[in-house]
Structure formats: C-alpha cells, structure tokens
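Engineer: Sharing a structure below in structure tokens format, with a few things to ask.
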Amino acid sequence: MDKTIINDALEFVRNTFNDDYSGHDYFHTLRVYKMSTRIAEQENANLIIVQLAALLHDVDDIKLSPETHVNKGRAVDFLRKHGVSEAMIKTICNIIGEVSFKGTDSVTPETIEGRCVQDADRLDAIGAIGIARAFAYGGNHNRIIHDPEIKPDVNMDADKYQSHISTTINHFYEKLFQLKDLMNTDTAKKISEQRDDYMRTYISEFLDEWDGIR
Ligand code: ADP
Ligand code: NI
C-alpha cells in the first residue's frame, strides 16, 4: 500500500464533508488524521491502519449518514475499491465503531491503533478548537447556549446521551470535561492537560460574566 490511498482518502473526505457546518467538517478529519499520526509514531502503532481509520472515522457517523452507519458502507466501499484486504477492512471498521463517545457506554478500543485514533478524535473535541466546535454544533442543532435552570446530566448511557436535549454549556460537563481522564495514551494525556485547563478557564469566565461578576 502506498501514499495514493491516503491521498484518495483525503479527497474522498473533502468531498464528503464539503457542506458540513456541525463541527464535523473536512478540517476536523484532517486534524484527527495528523494528530493520530503523531500519537501513533510515539506509541509505535501501525501507521497505515491508524491513518485510514482516522480519515474514514466520521464518513458513516450516525448523525451524518444514518443509513450507512451500522455497516460502515461508505468506508467499506472506499477500502474495497482500493484493494484493501477484507481482514484489514474489518480491523479498520472495528476501530471506527469503537472511537465514538457514548456516555457511560464508551469503550476503550482493543488495539493500540484504535486507542490512537480515539485519543486524536477526543483531543479535537477539547481546548480552543473544542470550544469552537461545541458552539458550532449547538447552533447547527438548535441548542441554546446556556440556561441555568437546565442542569447537566453527567451519567448518561449511549441512548440517553444521544437522545437528550441540553444546552451547549452543559455539554462541557456532560462530555468535554470528562475526556482528559479518558485518554488512552501517554502522548494524548500530556497534550490534553493544557487543552482541558484552557477550556475550564473559559467556562469559569463565561459563568462569571453571566453572573455579573465581571
Ligand atoms: P464523537 O466524534 O466523539 O462521537 P460527536 O460526534 O458527538 O463526537 O461530537 C463531535 C463534535 O460536536 C465535538 O466537538 C462535540 O463536542 C460536539 N458536540 C457533540 N454533541 C454536542 C452537544 N450536545 N452540544 C454541543 N456540542 C456537541
Ligand atoms: Ni470525529
């Protein structure tokens, strides 16, 4: 396997996410691809598996493509067209299935490759970029920014997490502040610290302004 498949995958995801405004745009996938490569090099994981799983991790996302979500149809088609073996397709699809955050039903991926991709996807949900993506997602899904009457629920299983309606500020408590402690690799744990601090400072400023303290 050579560079061509990676270049084709980059073009495939660029076309797939062309008109996404929910925080899952092409540049999200590109950042996950670069970050998972960086983590995989440190962790001695299989690079091609990590890179293909990272590039294809959102093409069958339940929110973006519910009809192909279960079978990972778009990812499988792409990989078959490029002559990837069925065994490797299975490995990559398993990783894609493990990556997503599902509240208390989230899983730790079986393989080091899956752990690298999950960490990279989660790192992109926190820090300065994570803040921007959360508000983009909230606006795109008609969620309000903040309502002190609506309390966060930090203990949701997958069904509840996917169906419940909340505010974007609550999303920080319901998911984003939990991610630092869920990182798998030492490389990602280190990177997550500054991003987590930055996000907490931001939310504390936000709430101080809300309460008229600043
Ligand atoms: P994952 O790729 O880990 O499954 P999601 O697809 O749920 O994550 O989330 C993608 C992006 O959208 C993340 O940056 C996440 O924080 C944001 N997001 C998801 N759900 C919400 C929500 N309810 N409110 C605000 N942002 C959200
Ligand atoms: Ni993602």
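Residue numbering restarts at 1 for every chain of the structure tokens, chains are lettered A, B, ... in their displayed order, and ligands are numbered from 1 as they appear.
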Sorted by chain and rising residue number, list the residues of stretch 58-122 of chain A at most 12 Å from stretch 173-187 of chain A (counting only C-alpha atoms), each with its closest atom pair and distance in Å to one decimal, as a Markdown table.
Structural biologist:
| residue | atom | partner | partner_atom | distance |
| --- | --- | --- | --- | --- |
| A:Val99 | CA | A:Asn184 | CA | 11.5 |
| A:Ser100 | CA | A:Lys175 | CA | 11.6 |
| A:Phe101 | CA | A:Lys175 | CA | 8.1 |
| A:Lys102 | CA | A:Lys175 | CA | 9.2 |
| A:Gly103 | CA | A:Lys175 | CA | 7.3 |
| A:Thr104 | CA | A:Lys175 | CA | 10.1 |
| A:Ser106 | CA | A:Leu182 | CA | 9.6 |
| A:Val107 | CA | A:Leu182 | CA | 9.8 |
| A:Thr108 | CA | A:Asn184 | CA | 7.7 |
| A:Pro109 | CA | A:Asn184 | CA | 8.9 |
| A:Glu110 | CA | A:Asn184 | CA | 11.0 |
| A:Thr111 | CA | A:Asn184 | CA | 10.8 |
| A:Ile112 | CA | A:Thr185 | CA | 8.6 |
| A:Glu113 | CA | A:Thr185 | CA | 10.6 |
| A:Gly114 | CA | A:Asn184 | CA | 9.7 |
| A:Arg115 | CA | A:Asn184 | CA | 5.9 |
| A:Cys116 | CA | A:Thr185 | CA | 7.0 |
| A:Val117 | CA | A:Asn184 | CA | 9.9 |
| A:Gln118 | CA | A:Asn184 | CA | 8.1 |
| A:Asp119 | CA | A:Met183 | CA | 5.7 |
| A:Ala120 | CA | A:Met183 | CA | 9.1 |
| A:Asp121 | CA | A:Met183 | CA | 10.3 |
| A:Arg122 | CA | A:Leu179 | CA | 6.7 |
Engineer: Determine which residues of stretch 133-183 of chain A receive a DSSP assignment of alpha helix (DSSP H), computed from the backbone, and state them as a list in words.
Structural biologist: Arg133, Ala134, Phe135, Ala136, Tyr137, Gly138, Gly139, Asn140, Ala158, Asp159, Lys160, Tyr161, Gln162, Ser163, Thr168, Ile169, Asn170, His171, Phe172, Tyr173 and Glu174 of chain A
Engineer: Restricted to N, CA and C atoms, what would the selected residues look like written as a tab-separated table (two decimals), in the first residue's frame?
Structural biologist:
chain	number	residue	atom	x	y	z
A	133	ARG	N	-15.99	24.11	18.21
A	133	ARG	CA	-16.81	23.04	17.63
A	133	ARG	C	-18.10	22.84	18.44
A	134	ALA	N	-18.00	22.96	19.76
A	134	ALA	CA	-19.21	22.76	20.58
A	134	ALA	C	-20.27	23.81	20.25
A	135	PHE	N	-19.84	25.08	20.11
A	135	PHE	CA	-20.84	26.11	19.81
A	135	PHE	C	-21.34	26.00	18.37
A	136	ALA	N	-20.48	25.56	17.46
A	136	ALA	CA	-20.93	25.35	16.08
A	136	ALA	C	-21.98	24.24	16.05
A	137	TYR	N	-21.70	23.16	16.77
A	137	TYR	CA	-22.64	22.03	16.82
A	137	TYR	C	-23.97	22.47	17.45
A	138	GLY	N	-23.87	23.21	18.56
A	138	GLY	CA	-25.07	23.68	19.27
A	138	GLY	C	-25.94	24.53	18.35
A	139	GLY	N	-25.34	25.48	17.64
A	139	GLY	CA	-26.10	26.33	16.73
A	139	GLY	C	-26.73	25.51	15.62
A	140	ASN	N	-25.95	24.60	15.07
A	140	ASN	CA	-26.41	23.75	13.97
A	140	ASN	C	-27.57	22.85	14.39
A	158	ALA	N	-25.53	5.29	26.39
A	158	ALA	CA	-25.48	5.69	24.97
A	158	ALA	C	-26.82	6.25	24.48
A	159	ASP	N	-27.93	5.57	24.80
A	159	ASP	CA	-29.24	6.00	24.30
A	159	ASP	C	-29.61	7.38	24.85
A	160	LYS	N	-29.42	7.50	26.14
A	160	LYS	CA	-29.78	8.77	26.78
A	160	LYS	C	-28.89	9.88	26.23
A	161	TYR	N	-27.58	9.60	26.10
A	161	TYR	CA	-26.65	10.62	25.62
A	161	TYR	C	-27.05	11.10	24.23
A	162	GLN	N	-27.48	10.15	23.38
A	162	GLN	CA	-27.81	10.53	22.01
A	162	GLN	C	-29.16	11.23	21.89
A	163	SER	N	-30.09	10.96	22.81
A	163	SER	CA	-31.44	11.49	22.61
A	163	SER	C	-31.73	12.73	23.46
A	168	THR	N	-25.50	23.92	25.26
A	168	THR	CA	-24.09	23.75	24.88
A	168	THR	C	-23.18	23.86	26.10
A	169	ILE	N	-23.49	24.77	27.02
A	169	ILE	CA	-22.65	24.85	28.23
A	169	ILE	C	-22.71	23.51	28.99
A	170	ASN	N	-23.89	22.89	29.07
A	170	ASN	CA	-23.97	21.59	29.75
A	170	ASN	C	-23.11	20.53	29.06
A	171	HIS	N	-22.95	20.64	27.75
A	171	HIS	CA	-22.14	19.66	27.02
A	171	HIS	C	-20.69	19.61	27.56
A	172	PHE	N	-20.21	20.74	28.08
A	172	PHE	CA	-18.86	20.72	28.66
A	172	PHE	C	-18.81	19.76	29.85
A	173	TYR	N	-19.87	19.79	30.68
A	173	TYR	CA	-19.90	18.91	31.86
A	173	TYR	C	-20.24	17.48	31.48
A	174	GLU	N	-21.12	17.35	30.48
A	174	GLU	CA	-21.63	16.02	30.11
A	174	GLU	C	-20.62	15.22	29.29
Engineer: Please list as a list in words every residue within 9 Å of A:Asp25, counting only C-alpha atoms and excluding residues in the same chain fewer than 5 positions away.
Structural biologist: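 Counting only the stated atoms, we get Val13, Arg14, Thr16, Phe17, Asn18, Asp19, Asp20 and Leu30 of chain A.
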Engineer: Pull N, CA and C atoms from the residues just selected and write them as a tab-separated table (two decimals), in the first residue's frame.
Structural biologist:
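That gives us selection_0.tsv:
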chain	number	residue	atom	x	y	z
A	13	VAL	N	-12.78	12.39	1.74
A	13	VAL	CA	-13.39	13.06	2.90
A	13	VAL	C	-13.62	14.55	2.64
A	14	ARG	N	-12.79	15.14	1.80
A	14	ARG	CA	-13.01	16.54	1.46
A	14	ARG	C	-14.37	16.68	0.76
A	16	THR	N	-16.89	14.45	0.95
A	16	THR	CA	-17.96	14.01	1.85
A	16	THR	C	-18.41	15.12	2.81
A	17	PHE	N	-17.45	15.87	3.33
A	17	PHE	CA	-17.78	16.86	4.37
A	17	PHE	C	-17.85	18.29	3.84
A	18	ASN	N	-17.99	18.40	2.51
A	18	ASN	CA	-17.99	19.69	1.85
A	18	ASN	C	-18.97	20.70	2.45
A	19	ASP	N	-20.19	20.24	2.77
A	19	ASP	CA	-21.16	21.22	3.28
A	19	ASP	C	-21.59	20.88	4.70
A	20	ASP	N	-20.62	20.53	5.54
A	20	ASP	CA	-20.94	20.28	6.96
A	20	ASP	C	-20.65	21.54	7.78
A	30	LEU	N	-9.08	16.14	8.96
A	30	LEU	CA	-7.66	16.38	8.67
A	30	LEU	C	-6.84	16.51	9.97
Engineer: Could you report the residues within 7 Å of ligand 2, using only C-alpha atoms and all ligand atoms, as a VMD selection string?
Structural biologist: chain A and resid 24 28 to 29 57 to 58 121
Engineer: From the options A:Gly23, A:Ile39, A:Arg80, A:Lys151, which residue's atoms come nearest to A:Lys190, counting only C-alpha atoms?
Structural biologist: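 Closest to A:Lys190, using only C-alpha atoms: A:Ile39.
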Engineer: Counting only C-alpha atoms, which residue out of A:Ile150, A:Ala125, A:Ala132, A:Ile213 sits closest to A:Asp196?
Structural biologist: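 Looking only at the distances to A:Asp196, the closest residue turns out to be A:Ala125.
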Engineer: Please indicate the distance in Å from atom CA of A:Ile62 to atom CA of A:Thr4, rounded to one decimal place.
Structural biologist: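 Interatomic distance, atom CA of A:Ile62 to atom CA of A:Thr4: 27.9 Å.
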Engineer: Can you pull out the residues contacting A:Lys90? Cut-off 12 Å, using only C-alpha atoms, and skip same-chain residues under 3 positions away; I want them as a list in words.
Structural biologist: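 Everything that qualifies: Ile49, Ala53, Asn71, Lys72, Ala75, Val76, Leu79, Arg80, Val84, Ser85, Glu86, Ala87, Cys93, Asn94, Ile95, Ile96 and Gly97 of chain A.
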